[in-house]
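Undergrad: Here you go, this is model.cif (mmCIF, C-alpha atoms).
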data_entry
loop_
_atom_site.label_atom_id
_atom_site.label_comp_id
_atom_site.auth_asym_id
_atom_site.auth_seq_id
_atom_site.Cartn_x
_atom_site.Cartn_y
_atom_site.Cartn_z
CA MET U 788 -96.81 -27.81 -53.11
CA ARG U 789 -94.38 -30.13 -51.22
CA SER U 790 -92.83 -29.30 -47.82
CA ILE U 791 -89.04 -29.39 -47.44
CA ARG U 792 -87.59 -31.72 -44.75
CA PRO U 793 -84.80 -30.34 -42.53
CA ILE U 794 -81.39 -31.76 -43.16
CA ARG U 795 -80.11 -33.46 -39.94
CA ARG U 796 -76.89 -35.18 -41.10
CA PRO U 797 -74.65 -32.12 -40.64
CA LEU U 798 -75.96 -31.75 -37.12
CA ARG U 799 -74.90 -35.29 -36.32
CA LEU U 800 -71.45 -34.60 -37.81
CA LEU U 801 -71.10 -31.42 -35.75
CA ALA U 802 -72.03 -33.28 -32.59
CA ALA U 803 -69.45 -35.93 -33.35
CA SER U 804 -66.78 -33.35 -34.03
CA SER U 805 -67.56 -31.54 -30.77
CA LEU U 806 -67.28 -34.78 -28.87
CA ALA U 807 -63.91 -35.55 -30.42
CA LEU U 808 -62.64 -32.05 -29.62
CA ALA U 809 -63.84 -32.31 -26.04
CA SER U 810 -62.11 -35.65 -25.72
CA LEU U 811 -58.86 -34.19 -27.07
CA VAL U 812 -58.99 -31.24 -24.68
CA ALA U 813 -59.68 -33.58 -21.81
CA CYS U 814 -56.58 -35.63 -22.67
CA GLN U 815 -54.35 -32.58 -22.85
CA SER U 816 -55.40 -31.23 -19.47
CA SER U 817 -55.40 -34.49 -17.55
CA SER U 818 -53.77 -34.67 -14.08
CA GLY U 819 -49.98 -35.37 -14.00
CA SER U 820 -48.95 -33.30 -17.04
CA ASP U 821 -46.77 -30.17 -16.84
CA GLY U 822 -47.88 -28.88 -20.25
CA LYS U 823 -44.50 -29.81 -21.69
CA GLY U 824 -44.90 -33.52 -21.88
CA GLY U 825 -43.28 -34.29 -18.49
CA ALA U 826 -44.88 -35.53 -15.28
CA SER U 827 -45.10 -33.06 -12.36
CA VAL U 828 -45.04 -33.94 -8.65
CA ASP U 829 -48.01 -33.32 -6.44
CA PRO U 830 -46.74 -31.43 -3.35
CA ALA U 831 -48.81 -33.75 -1.21
CA ASP U 832 -46.75 -36.70 -2.47
CA ALA U 833 -43.29 -35.07 -1.84
CA LYS U 834 -41.62 -35.53 1.56
CA PRO U 835 -39.88 -32.52 3.13
CA ALA U 836 -36.09 -32.33 2.70
CA ARG U 837 -34.21 -33.44 5.83
CA ILE U 838 -31.14 -31.33 6.79
CA THR U 839 -28.46 -32.60 9.16
CA VAL U 840 -25.78 -30.30 10.65
CA THR U 841 -22.67 -31.52 12.46
CA PRO U 842 -21.83 -30.35 15.10
CA GLY U 843 -25.34 -30.09 16.45
CA SER U 844 -26.80 -27.65 18.93
CA ASP U 845 -26.83 -30.06 21.85
CA GLY U 846 -23.21 -31.23 21.59
CA PRO U 847 -20.12 -30.12 23.53
CA ALA U 848 -17.84 -27.31 22.36
CA VAL U 849 -15.82 -28.33 19.30
CA ALA U 850 -12.19 -27.82 18.33
CA PRO U 851 -11.55 -24.56 16.42
CA ASP U 852 -9.93 -26.56 13.64
CA GLY U 853 -12.78 -29.12 13.54
CA GLY U 854 -14.93 -29.32 10.43
CA ILE U 855 -18.58 -28.40 9.91
CA LYS U 856 -20.78 -30.70 7.82
CA VAL U 857 -24.22 -29.99 6.36
CA ASP U 858 -26.05 -32.78 4.52
CA VAL U 859 -29.55 -33.14 3.04
CA ALA U 860 -31.70 -36.14 2.25
CA GLY U 861 -34.68 -35.92 -0.11
CA GLY U 862 -33.74 -32.56 -1.55
CA THR U 863 -31.05 -30.10 -2.57
CA LEU U 864 -29.25 -27.56 -0.41
CA THR U 865 -29.80 -23.99 -1.54
CA LYS U 866 -28.07 -21.99 1.19
CA VAL U 867 -25.59 -22.54 4.04
CA GLN U 868 -24.34 -19.76 6.32
CA VAL U 869 -22.07 -20.19 9.35
CA THR U 870 -21.69 -16.86 11.12
CA PRO U 871 -20.24 -15.86 14.48
CA ASP U 872 -22.49 -14.55 17.21
CA PRO U 873 -22.15 -10.74 17.54
CA SER U 874 -21.01 -11.24 21.13
CA SER U 875 -17.93 -13.15 19.91
CA ALA U 876 -15.64 -10.20 19.18
CA ASP U 877 -13.31 -10.56 16.17
CA ALA U 878 -14.56 -14.07 15.40
CA VAL U 879 -14.25 -15.01 11.73
CA ALA U 880 -17.06 -16.14 9.43
CA VAL U 881 -16.72 -19.66 8.06
CA THR U 882 -16.51 -20.45 4.35
CA GLY U 883 -17.32 -23.78 2.75
CA SER U 884 -17.79 -25.66 -0.50
CA TRP U 885 -20.54 -27.75 -2.10
CA SER U 886 -20.28 -31.36 -3.24
CA ASP U 887 -22.44 -34.18 -4.57
CA ALA U 888 -24.70 -31.86 -6.61
CA LYS U 889 -25.44 -29.73 -3.53
CA LYS U 890 -26.39 -32.68 -1.39
CA SER U 891 -23.64 -31.71 1.07
CA TRP U 892 -21.56 -28.74 2.24
CA ARG U 893 -18.20 -28.82 4.07
CA SER U 894 -16.37 -25.97 5.82
CA THR U 895 -13.08 -24.94 4.25
CA ARG U 896 -11.49 -22.99 7.08
CA THR U 897 -10.86 -22.97 10.81
CA MET U 898 -12.87 -21.05 13.40
CA THR U 899 -12.01 -18.58 16.14
CA PRO U 900 -11.37 -20.25 19.52
CA GLY U 901 -13.96 -19.65 22.24
CA ALA U 902 -16.60 -18.25 19.85
CA SER U 903 -20.30 -18.97 19.34
CA TYR U 904 -21.53 -19.74 15.83
CA ALA U 905 -24.98 -19.91 14.24
CA VAL U 906 -25.84 -22.16 11.28
CA LEU U 907 -28.61 -21.39 8.80
CA ALA U 908 -29.28 -23.97 6.08
CA THR U 909 -32.11 -24.21 3.56
CA ALA U 910 -33.04 -26.93 1.07
CA THR U 911 -35.84 -27.67 -1.41
CA ASN U 912 -37.50 -30.99 -2.16
CA ALA U 913 -38.71 -32.23 -5.55
CA ALA U 914 -41.92 -30.22 -5.26
CA GLY U 915 -40.03 -27.00 -4.57
CA GLU U 916 -41.01 -26.87 -0.93
CA VAL U 917 -38.42 -25.11 1.26
CA THR U 918 -37.03 -26.56 4.49
CA THR U 919 -35.07 -24.32 6.88
CA HIS U 920 -32.72 -25.57 9.59
CA ARG U 921 -31.19 -23.39 12.33
CA SER U 922 -28.69 -24.54 14.91
CA ALA U 923 -25.83 -23.19 17.01
CA PHE U 924 -22.60 -24.43 18.57
CA ARG U 925 -19.50 -23.13 20.34
CA THR U 926 -15.79 -23.67 19.75
CA ARG U 927 -13.46 -24.59 22.58
CA ALA U 928 -11.41 -21.80 24.10
CA ALA U 929 -7.66 -22.15 23.60
CA LYS U 930 -5.57 -22.80 26.70
CA VAL U 931 -2.54 -21.20 25.04
CA PHE U 932 -2.16 -18.92 22.03
CA ASN U 933 0.52 -18.17 19.49
CA GLY U 934 0.96 -14.60 18.26
CA VAL U 935 2.11 -13.22 14.91
CA SER U 936 3.79 -10.07 13.59
CA VAL U 937 3.45 -9.12 9.92
CA THR U 938 6.02 -7.20 7.86
CA PRO U 939 5.55 -4.96 5.95
CA SER U 940 2.61 -3.35 7.68
CA ASN U 941 -0.35 -2.14 5.67
CA ASN U 942 0.04 0.58 3.01
CA LYS U 943 3.84 0.78 3.26
CA VAL U 944 6.14 1.55 0.32
CA VAL U 945 9.20 -0.71 0.51
CA GLY U 946 12.36 -1.63 -1.33
CA ALA U 947 12.75 -4.40 -3.89
CA GLY U 948 14.24 -6.91 -1.45
CA GLN U 949 11.48 -6.90 1.16
CA PRO U 950 9.84 -10.31 1.62
CA VAL U 951 6.33 -10.82 2.94
CA SER U 952 7.13 -11.98 6.47
CA ILE U 953 5.12 -13.49 9.33
CA ALA U 954 7.03 -13.94 12.60
CA PHE U 955 5.65 -16.13 15.41
CA ASP U 956 5.86 -15.63 19.17
CA HIS U 957 6.45 -19.37 19.59
CA PRO U 958 7.92 -22.00 17.24
CA VAL U 959 5.41 -23.64 14.90
CA LYS U 960 5.29 -27.42 14.90
CA ASP U 961 2.57 -27.88 12.30
CA LYS U 962 4.04 -25.65 9.60
CA ALA U 963 1.94 -27.17 6.83
CA ALA U 964 -1.31 -26.33 8.67
CA VAL U 965 -0.21 -22.68 8.85
CA GLU U 966 1.10 -22.44 5.31
CA ARG U 967 -2.12 -23.80 3.81
CA ARG U 968 -3.91 -20.75 5.19
CA LEU U 969 -1.59 -18.22 3.55
CA SER U 970 -1.98 -16.54 0.18
CA VAL U 971 -0.11 -13.78 -1.64
CA SER U 972 -1.49 -11.96 -4.66
CA THR U 973 0.57 -9.57 -6.77
CA SER U 974 0.02 -7.10 -9.57
CA PRO U 975 1.73 -7.66 -11.93
CA LYS U 976 1.78 -11.42 -11.40
CA THR U 977 5.04 -12.48 -9.75
CA GLU U 978 6.49 -15.94 -9.18
CA GLY U 979 7.39 -16.62 -5.54
CA SER U 980 7.36 -19.12 -2.68
CA TRP U 981 7.00 -19.41 1.08
CA GLY U 982 9.99 -20.57 3.07
CA TRP U 983 10.49 -21.19 6.80
CA THR U 984 13.51 -19.82 8.62
CA ARG U 985 14.65 -18.99 12.14
CA ASP U 986 16.79 -16.13 13.45
CA PRO U 987 20.01 -17.71 14.78
CA LEU U 988 20.39 -14.97 17.39
CA THR U 989 16.87 -14.51 18.77
CA GLY U 990 15.37 -17.90 17.88
CA VAL U 991 12.31 -16.20 16.35
CA GLU U 992 10.70 -18.37 13.69
CA ARG U 993 9.32 -16.83 10.51
CA VAL U 994 7.67 -17.83 7.28
CA ASP U 995 8.64 -15.49 4.43
CA TRP U 996 7.33 -15.21 0.87
CA ARG U 997 9.99 -13.96 -1.51
CA PRO U 998 9.85 -13.60 -5.30
CA GLU U 999 12.08 -15.59 -7.62
CA SER U 1000 14.11 -12.39 -8.12
CA TYR U 1001 13.93 -8.87 -6.69
CA TRP U 1002 10.53 -7.18 -6.91
CA ALA U 1003 9.79 -4.98 -9.92
CA LYS U 1004 9.14 -1.33 -9.18
CA GLY U 1005 5.46 -0.54 -8.69
CA THR U 1006 4.41 -4.08 -7.82
CA LYS U 1007 1.39 -4.18 -5.49
CA VAL U 1008 1.41 -7.08 -3.03
CA THR U 1009 -1.42 -8.35 -0.80
CA LEU U 1010 -1.09 -10.91 1.98
CA ARG U 1011 -4.15 -12.76 3.28
CA ALA U 1012 -3.57 -15.10 6.20
CA LYS U 1013 -6.63 -16.98 7.46
CA LEU U 1014 -4.97 -18.01 10.70
CA SER U 1015 -7.73 -17.74 13.30
CA GLY U 1016 -8.20 -21.19 14.85
CA VAL U 1017 -5.11 -22.80 13.30
CA ASN U 1018 -3.33 -25.15 15.71
CA THR U 1019 0.42 -24.47 15.46
CA GLY U 1020 1.15 -27.56 17.55
CA GLU U 1021 0.26 -29.03 20.94
CA GLY U 1022 -2.94 -27.00 21.20
CA ARG U 1023 -1.28 -23.60 20.76
CA TYR U 1024 -3.80 -21.80 18.54
CA LEU U 1025 -3.59 -18.66 16.47
CA ARG U 1026 -6.21 -16.14 17.47
CA ARG U 1027 -6.80 -13.90 14.45
CA ASP U 1028 -6.64 -13.49 10.70
CA VAL U 1029 -4.10 -10.98 9.39
CA SER U 1030 -3.64 -9.14 6.11
CA SER U 1031 -1.43 -6.47 4.60
CA THR U 1032 -1.08 -4.65 1.29
CA PHE U 1033 2.10 -2.84 0.28
CA THR U 1034 3.76 -1.37 -2.80
CA VAL U 1035 7.32 -1.69 -4.10
CA GLY U 1036 9.01 1.65 -4.63
CA THR U 1037 12.44 2.52 -6.01
CA VAL U 1038 14.62 -0.50 -6.78
CA ARG U 1039 17.66 0.53 -4.73
CA VAL U 1040 20.67 -1.81 -4.64
CA ALA U 1041 23.98 -0.98 -2.94
CA LYS U 1042 26.95 -3.13 -3.97
CA ALA U 1043 29.66 -3.10 -1.30
CA ASP U 1044 33.01 -4.40 -2.58
CA LEU U 1045 35.11 -4.76 0.56
CA LYS U 1046 38.31 -5.53 -1.34
CA GLN U 1047 37.95 -2.25 -3.22
CA HIS U 1048 36.55 -0.49 -0.11
CA THR U 1049 33.68 1.07 -2.04
CA MET U 1050 29.89 0.91 -1.98
CA THR U 1051 28.15 1.75 -5.26
CA VAL U 1052 24.47 2.67 -5.07
CA TYR U 1053 22.03 2.02 -7.93
CA GLU U 1054 18.47 3.25 -8.25
CA ASP U 1055 16.23 1.62 -10.86
CA GLY U 1056 19.37 0.29 -12.56
CA LYS U 1057 21.23 3.62 -12.73
CA LYS U 1058 24.33 4.40 -10.66
CA VAL U 1059 23.66 7.34 -8.35
CA ASP U 1060 26.64 7.27 -5.94
CA THR U 1061 29.96 5.61 -5.16
CA ILE U 1062 30.95 5.84 -1.49
CA PRO U 1063 34.39 5.11 0.03
CA VAL U 1064 33.87 2.75 2.98
CA SER U 1065 35.74 0.98 5.76
CA ALA U 1066 34.13 -2.33 6.72
CA GLY U 1067 34.96 -5.08 9.22
CA SER U 1068 38.59 -5.73 10.08
CA THR U 1069 40.31 -9.10 9.84
CA ALA U 1070 39.45 -9.75 13.50
CA TYR U 1071 35.80 -8.68 13.09
CA PRO U 1072 34.87 -9.15 9.42
CA THR U 1073 31.57 -8.08 7.87
CA TRP U 1074 29.13 -10.72 6.69
CA ASN U 1075 29.28 -11.62 3.02
CA GLY U 1076 26.07 -11.95 1.05
CA THR U 1077 22.83 -10.07 0.50
CA MET U 1078 21.22 -8.10 3.33
CA VAL U 1079 18.01 -6.09 3.39
CA VAL U 1080 17.44 -2.78 5.18
CA LEU U 1081 15.40 -3.48 8.33
CA GLY U 1082 15.06 0.13 9.45
CA LYS U 1083 17.10 3.21 10.29
CA ALA U 1084 17.67 5.75 13.07
CA PRO U 1085 19.50 9.10 13.16
CA MET U 1086 21.44 7.96 16.25
CA VAL U 1087 22.05 4.51 17.76
CA ASN U 1088 24.08 3.67 20.84
CA MET U 1089 26.36 0.73 20.02
CA THR U 1090 28.29 -1.28 22.61
CA SER U 1091 30.64 -4.23 22.39
CA GLU U 1092 28.53 -6.13 24.91
CA SER U 1093 25.43 -5.98 22.67
CA VAL U 1094 27.20 -7.96 19.94
CA ASN U 1095 29.46 -10.06 22.21
CA ILE U 1096 32.76 -8.48 21.09
CA ALA U 1097 35.75 -8.58 23.45
CA ASP U 1098 37.25 -5.29 22.21
CA PRO U 1099 35.32 -2.77 24.37
CA TYR U 1100 33.50 0.21 22.85
CA ASN U 1101 30.50 2.39 23.58
CA LYS U 1102 29.60 4.91 20.86
CA ASP U 1103 26.65 7.00 19.77
CA VAL U 1104 26.57 6.27 16.04
CA PRO U 1105 24.89 8.71 13.62
CA TRP U 1106 22.89 7.90 10.49
CA ALA U 1107 22.55 4.20 11.25
CA VAL U 1108 20.91 1.91 8.66
CA HIS U 1109 20.10 -1.48 10.20
CA LEU U 1110 20.93 -4.60 8.15
CA THR U 1111 20.96 -7.71 10.40
CA THR U 1112 19.54 -8.70 13.77
CA SER U 1113 23.06 -9.71 14.79
CA GLY U 1114 24.03 -6.02 14.74
CA THR U 1115 25.30 -5.12 11.26
CA TYR U 1116 24.72 -1.50 10.22
CA ALA U 1117 25.80 0.81 7.44
CA HIS U 1118 26.49 4.10 9.22
CA ALA U 1119 28.55 7.24 9.46
CA ALA U 1120 31.80 6.87 11.42
CA PRO U 1121 33.03 10.45 11.87
CA TRP U 1122 35.67 9.36 14.43
CA ASN U 1123 37.56 7.67 11.55
CA GLU U 1124 37.46 10.58 9.09
CA GLY U 1125 40.94 11.81 9.92
CA LYS U 1126 42.53 8.36 9.89
CA GLY U 1127 42.39 7.71 6.16
CA TYR U 1128 40.44 4.45 6.49
CA PHE U 1129 37.60 5.14 4.05
CA GLY U 1130 38.32 3.76 0.60
CA ARG U 1131 41.63 2.25 1.80
CA VAL U 1132 41.36 -0.26 4.65
CA ASN U 1133 38.73 -2.21 6.62
CA MET U 1134 38.97 -1.30 10.31
CA SER U 1135 35.46 -1.57 11.82
CA HIS U 1136 33.94 -4.13 14.19
CA GLY U 1137 31.80 -5.54 11.35
CA CYS U 1138 29.68 -2.60 10.22
CA ILE U 1139 30.10 -0.67 6.98
CA GLY U 1140 31.41 2.77 7.96
CA MET U 1141 31.64 5.96 5.91
CA SER U 1142 32.17 9.66 6.36
CA GLU U 1143 29.48 11.72 8.08
CA ALA U 1144 28.44 13.38 4.81
CA ASP U 1145 28.28 10.09 2.92
CA GLY U 1146 26.55 8.41 5.85
CA LYS U 1147 23.89 11.11 5.89
CA SER U 1148 23.39 10.84 2.13
CA PHE U 1149 23.05 7.05 2.29
CA TYR U 1150 20.70 7.32 5.28
CA ASP U 1151 18.44 9.79 3.50
CA ARG U 1152 18.03 7.41 0.55
CA ALA U 1153 17.59 4.22 2.58
CA THR U 1154 14.14 2.58 2.76
CA PRO U 1155 13.18 -0.68 4.51
CA GLY U 1156 13.48 -3.42 1.91
CA ASP U 1157 16.47 -1.88 0.10
CA ILE U 1158 19.21 -4.32 -0.84
CA ILE U 1159 22.91 -4.36 0.07
CA GLU U 1160 25.08 -6.97 -1.64
CA VAL U 1161 28.40 -7.48 0.14
CA THR U 1162 31.36 -9.19 -1.53
CA GLY U 1163 35.06 -9.45 -0.74
CA SER U 1164 34.85 -10.18 2.99
CA THR U 1165 36.59 -13.09 4.68
CA ARG U 1166 33.47 -13.97 6.66
CA GLU U 1167 30.80 -16.51 5.67
CA THR U 1168 27.51 -15.60 4.03
CA VAL U 1169 24.86 -14.16 6.33
CA ALA U 1170 22.21 -16.72 7.40
CA THR U 1171 18.71 -16.58 5.90
CA GLY U 1172 17.14 -15.83 9.30
CA ASN U 1173 19.65 -13.14 10.32
CA GLY U 1174 17.55 -10.22 9.19
CA TYR U 1175 16.11 -10.91 5.75
CA GLY U 1176 18.90 -13.06 4.40
CA ASP U 1177 16.40 -14.93 2.22
CA TRP U 1178 18.20 -13.86 -0.95
CA ASN U 1179 21.33 -15.83 -0.08
CA LEU U 1180 19.66 -18.99 -1.36
CA SER U 1181 18.87 -19.70 -4.99
CA TYR U 1182 15.17 -19.76 -5.76
CA GLU U 1183 15.21 -23.55 -6.08
CA GLU U 1184 16.87 -23.82 -2.66
CA TRP U 1185 14.41 -21.36 -1.16
CA LYS U 1186 11.35 -23.29 -2.41
CA LYS U 1187 12.59 -26.36 -0.53
CA LEU U 1188 12.05 -24.45 2.74
CA SER U 1189 8.28 -24.51 2.12
CA ALA U 1190 6.38 -26.96 4.34
CA LEU U 1191 4.29 -27.82 1.27
CA ASP U 1192 7.18 -28.36 -1.14
#
Is it possible to express this structure as structure tokens?
TA:
Amino acid sequence: MRSIRPIRRPLRLLAASSLALASLVACQSSSGSDGKGGASVDPADAKPARITVTPGSDGPAVAPDGGIKVDVAGGTLTKVQVTPDPSSADAVAVTGSWSDAKKSWRSTRTMTPGASYAVLATATNAAGEVTTHRSAFRTRAAKVFNGVSVTPSNNKVVGAGQPVSIAFDHPVKDKAAVERRLSVSTSPKTEGSWGWTRDPLTGVERVDWRPESYWAKGTKVTLRAKLSGVNTGEGRYLRRDVSSTFTVGTVRVAKADLKQHTMTVYEDGKKVDTIPVSAGSTAYPTWNGTMVVLGKAPMVNMTSESVNIADPYNKDVPWAVHLTTSGTYAHAAPWNEGKGYFGRVNMSHGCIGMSEADGKSFYDRATPGDIIEVTGSTRETVATGNGYGDWNLSYEEWKKLSALD
């Protein structure tokens, strides 16, 4: 009986197949592959990202309106924060923008004078390693400041003629620098423009934002003015940011026809009253044009000296609604009730007078921002800066008063 020899050929084939498989696996797991066909970077071969911040920690104090620069070499910026030191009261945080695929960052606003700031920047290199840079600097203190007053104040309900208004303690030489820091948002969206004007009596300079036409009822308006650190000229800096949000209430328009000696009052387009009036005489005529209610008081002492009138008078005037800084009011004039002036003849020193009952009724309705349109007087149109005379220019004329037009 013959013995059977073992078959060895399949074993040789298996060994060859195993060797081929091992070779294939070795190729797939070789150094330098990311498993997706692309080459990875060994962290040992990647240099750390290098961050540069200007101004640096060792430099002198910088101008509040100077820029901040953050750059990186050998990596990509992932975070930049410029924050005021807690000891710098009311100092503003600094915003910025990226450029060059996050290779650089530049500040986009001015800084509070005399404040300390800290910079935190991070970047990653090609291997994903993180570099962190911390530095600090200080802004120069201002030798002189400019101050601002904002109208309307926050959360007020105003009439349809009220502009957004910022008045300055001192004239502004660099108007464009200021205007670039101002923004107005409205709901619903409303077309409007900034315009610069000056009160001819007081010399106070303002920048006002008025719509193309009177505000619509219910419009919500928000002012944001990033003014801290803005140089208004010759090193006179603004100290703080300001903001205000207000709402437009009843659209109240009074149309005073001085030839007919009447003032007709409309609310939301509907006539609610017609009042007999006696306005400025031939010697002291009332301003023509559109005026806006500035405020009101139940009693105001009026004198000829306060408005530079030669004809002497000194009266306590009831139910006084203020219209111009030059001294125009719509008010009750009870001393004229028995003279037959109202509805017949203009005999005042420039104000719009009415009976005590009508004056009280008009006073009760009046809200800052309400509109009074005066026609039929022999006097010129009230100036844009005399109160809120902004509406006496067409919208195209008004836009030309913008420093950025």
Undergrad: Quick one: residues within 6 Å of Arg993 (chain U), all atoms listed in the file, excluding same-chain residues fewer than 3 positions away - as an MDAnalysis selection string?
TA: chainID U and resid 953:954 983:985
Undergrad: Have a look at U:Thr1049, U:Thr865, U:Ser1113, U:Ser1068 and name the one nearest to Ser1135 (chain U); count all atoms listed in the file.
TA: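 The shortest atom-to-atom distance to Ser1135 (chain U) comes from U:Ser1068.
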Undergrad: Using all atoms listed in the file, which residue out of U:Leu1180, U:Ala880, U:Val869, U:Val1094 lies closest to Leu988 (chain U)?
TA: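 Smallest distance to Leu988 (chain U) is found for U:Val1094.
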Undergrad: Just to confirm, what's the straight-line distance from CA of Tyr1116 (chain U) to CA of Gly1163 (chain U) in Å (one decimal)?
TA: 17.0 Å
Undergrad: From the list U:Gly946, U:Pro1085, U:Gly979, U:Gly861, which residue is nearest Lys1147 (chain U) when using only C-alpha atoms?
TA: U:Pro1085
Undergrad: Residues near Glu1184 (chain U), anyone? I mean within 12 Å using all atoms listed in the file, not counting same-chain ones fewer than 2 positions away, as a PyMOL selection string.
TA: chain U and resi 980-983+999+1171+1177-1182+1186-1189+1192
Undergrad: Put those residues in a file: C-alpha atoms, as a short mmCIF file (atom, residue, chain, number, x, y, z; two decimals), keeping the file's coordinate frame.
TA:
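Below you can see result_0.cif, which holds the result:
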data_model
loop_
_atom_site.label_atom_id
_atom_site.label_comp_id
_atom_site.auth_asym_id
_atom_site.auth_seq_id
_atom_site.Cartn_x
_atom_site.Cartn_y
_atom_site.Cartn_z
CA SER U 980 7.36 -19.12 -2.68
CA TRP U 981 7.00 -19.41 1.08
CA GLY U 982 9.99 -20.57 3.07
CA TRP U 983 10.49 -21.19 6.80
CA GLU U 999 12.08 -15.59 -7.62
CA THR U 1171 18.71 -16.58 5.90
CA ASP U 1177 16.40 -14.93 2.22
CA TRP U 1178 18.20 -13.86 -0.95
CA ASN U 1179 21.33 -15.83 -0.08
CA LEU U 1180 19.66 -18.99 -1.36
CA SER U 1181 18.87 -19.70 -4.99
CA TYR U 1182 15.17 -19.76 -5.76
CA LYS U 1186 11.35 -23.29 -2.41
CA LYS U 1187 12.59 -26.36 -0.53
CA LEU U 1188 12.05 -24.45 2.74
CA SER U 1189 8.28 -24.51 2.12
CA ASP U 1192 7.18 -28.36 -1.14
#
Undergrad: Using Å and a single decimal, report how far CA of Ala1003 (chain U) sits from CA of Ile1158 (chain U).
TA: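 Between these atoms lies a distance of 13.1 Å.
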Undergrad: Given the file shown, determine the residues that the PyMOL selection byres ((chain U and resi 1069) around 12) selects; report them as a PyMOL selection string.
TA: chain U and resi 1045-1046+1065-1068+1070-1074+1132-1137+1163-1166
Undergrad: I need the residue nearest Arg893 (chain U) from this list: U:Gly1156, U:Pro842, U:Gly915, U:Gly1114. Use all atoms listed in the file for the distance.
TA: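 Smallest separation from Arg893 (chain U) among the options: U:Pro842.
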Undergrad: Would you mind reading off the distance between CA of Val1040 (chain U) and CA of Gly1125 (chain U), one decimal, in Å?
TA: 28.4 Å
Undergrad: What do you get, as a ChimeraX atom specification, if you spell out every residue that the PyMOL selection byres ((chain U and resi 924-926) around 10) selects here?
TA: /U:841-853,871-872,898-906,922-923,927-929,1016
Undergrad: I need the residue nearest Ser1142 (chain U) from this list: U:Pro1063, U:Glu1160, U:Ser875, U:Gly1082. Use only C-alpha atoms for the distance.
TA: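 Once distances to Ser1142 (chain U) are computed over only C-alpha atoms, the minimum belongs to U:Pro1063.
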Undergrad: Once the PyMOL selection byres ((chain U and resi 973) around 12) is applied to the coordinates I shared, what remains selected? I want it as a compact mmCIF listing (two decimals) with C-alpha atoms, in the coordinates of the input.
TA:
# COMPACT_ATOMS: atom_id res chain seq x y z
CA VAL U 951 6.33 -10.82 2.94
CA SER U 970 -1.98 -16.54 0.18
CA VAL U 971 -0.11 -13.78 -1.64
CA SER U 972 -1.49 -11.96 -4.66
CA SER U 974 0.02 -7.10 -9.57
CA PRO U 975 1.73 -7.66 -11.93
CA LYS U 976 1.78 -11.42 -11.40
CA THR U 977 5.04 -12.48 -9.75
CA GLU U 978 6.49 -15.94 -9.18
CA GLY U 979 7.39 -16.62 -5.54
CA TRP U 996 7.33 -15.21 0.87
CA ARG U 997 9.99 -13.96 -1.51
CA PRO U 998 9.85 -13.60 -5.30
CA TRP U 1002 10.53 -7.18 -6.91
CA ALA U 1003 9.79 -4.98 -9.92
CA GLY U 1005 5.46 -0.54 -8.69
CA THR U 1006 4.41 -4.08 -7.82
CA LYS U 1007 1.39 -4.18 -5.49
CA VAL U 1008 1.41 -7.08 -3.03
CA THR U 1009 -1.42 -8.35 -0.80
CA LEU U 1010 -1.09 -10.91 1.98
CA ARG U 1011 -4.15 -12.76 3.28
CA SER U 1031 -1.43 -6.47 4.60
CA THR U 1032 -1.08 -4.65 1.29
CA PHE U 1033 2.10 -2.84 0.28
CA THR U 1034 3.76 -1.37 -2.80
CA VAL U 1035 7.32 -1.69 -4.10
Undergrad: Identify which of the residues U:Val1169, U:Ala1107, U:Ala860, U:Met1086 lies closest to Ser1148 (chain U), counting all atoms listed in the file when measuring atom-to-atom distances.
TA: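 Closest to Ser1148 (chain U), using all atoms listed in the file: U:Ala1107.
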Undergrad: Quick one: region 883-891 of chain U from the block, N, CA and C atoms, as a PDB file, in the first residue's frame.
TA:
ATOM      1  N   GLY U 883     -13.251  95.359  15.809  1.00  0.00           N
ATOM      2  CA  GLY U 883     -12.308  95.322  14.701  1.00  0.00           C
ATOM      3  C   GLY U 883     -12.801  94.407  13.600  1.00  0.00           C
ATOM      4  N   SER U 884     -12.008  94.292  12.543  1.00  0.00           N
ATOM      5  CA  SER U 884     -12.386  93.447  11.419  1.00  0.00           C
ATOM      6  C   SER U 884     -11.172  92.675  10.918  1.00  0.00           C
ATOM      7  N   TRP U 885     -11.442  91.501  10.332  1.00  0.00           N
ATOM      8  CA  TRP U 885     -10.395  90.631   9.800  1.00  0.00           C
ATOM      9  C   TRP U 885     -10.087  91.019   8.364  1.00  0.00           C
ATOM     10  N   SER U 886      -8.879  90.648   7.928  1.00  0.00           N
ATOM     11  CA  SER U 886      -8.517  90.780   6.515  1.00  0.00           C
ATOM     12  C   SER U 886      -7.444  89.767   6.178  1.00  0.00           C
ATOM     13  N   ASP U 887      -7.196  89.597   4.882  1.00  0.00           N
ATOM     14  CA  ASP U 887      -6.140  88.710   4.392  1.00  0.00           C
ATOM     15  C   ASP U 887      -6.281  87.309   4.982  1.00  0.00           C
ATOM     16  N   ALA U 888      -7.507  86.749   4.866  1.00  0.00           N
ATOM     17  CA  ALA U 888      -7.771  85.377   5.335  1.00  0.00           C
ATOM     18  C   ALA U 888      -7.338  85.182   6.784  1.00  0.00           C
ATOM     19  N   LYS U 889      -7.670  86.151   7.611  1.00  0.00           N
ATOM     20  CA  LYS U 889      -7.376  86.133   9.054  1.00  0.00           C
ATOM     21  C   LYS U 889      -5.878  86.135   9.358  1.00  0.00           C
ATOM     22  N   LYS U 890      -5.122  86.754   8.459  1.00  0.00           N
ATOM     23  CA  LYS U 890      -3.711  86.987   8.761  1.00  0.00           C
ATOM     24  C   LYS U 890      -3.530  88.306   9.508  1.00  0.00           C
ATOM     25  N   SER U 891      -4.568  89.144   9.506  1.00  0.00           N
ATOM     26  CA  SER U 891      -4.469  90.441  10.189  1.00  0.00           C
ATOM     27  C   SER U 891      -5.831  90.865  10.723  1.00  0.00           C
TER      28      SER U 891
END
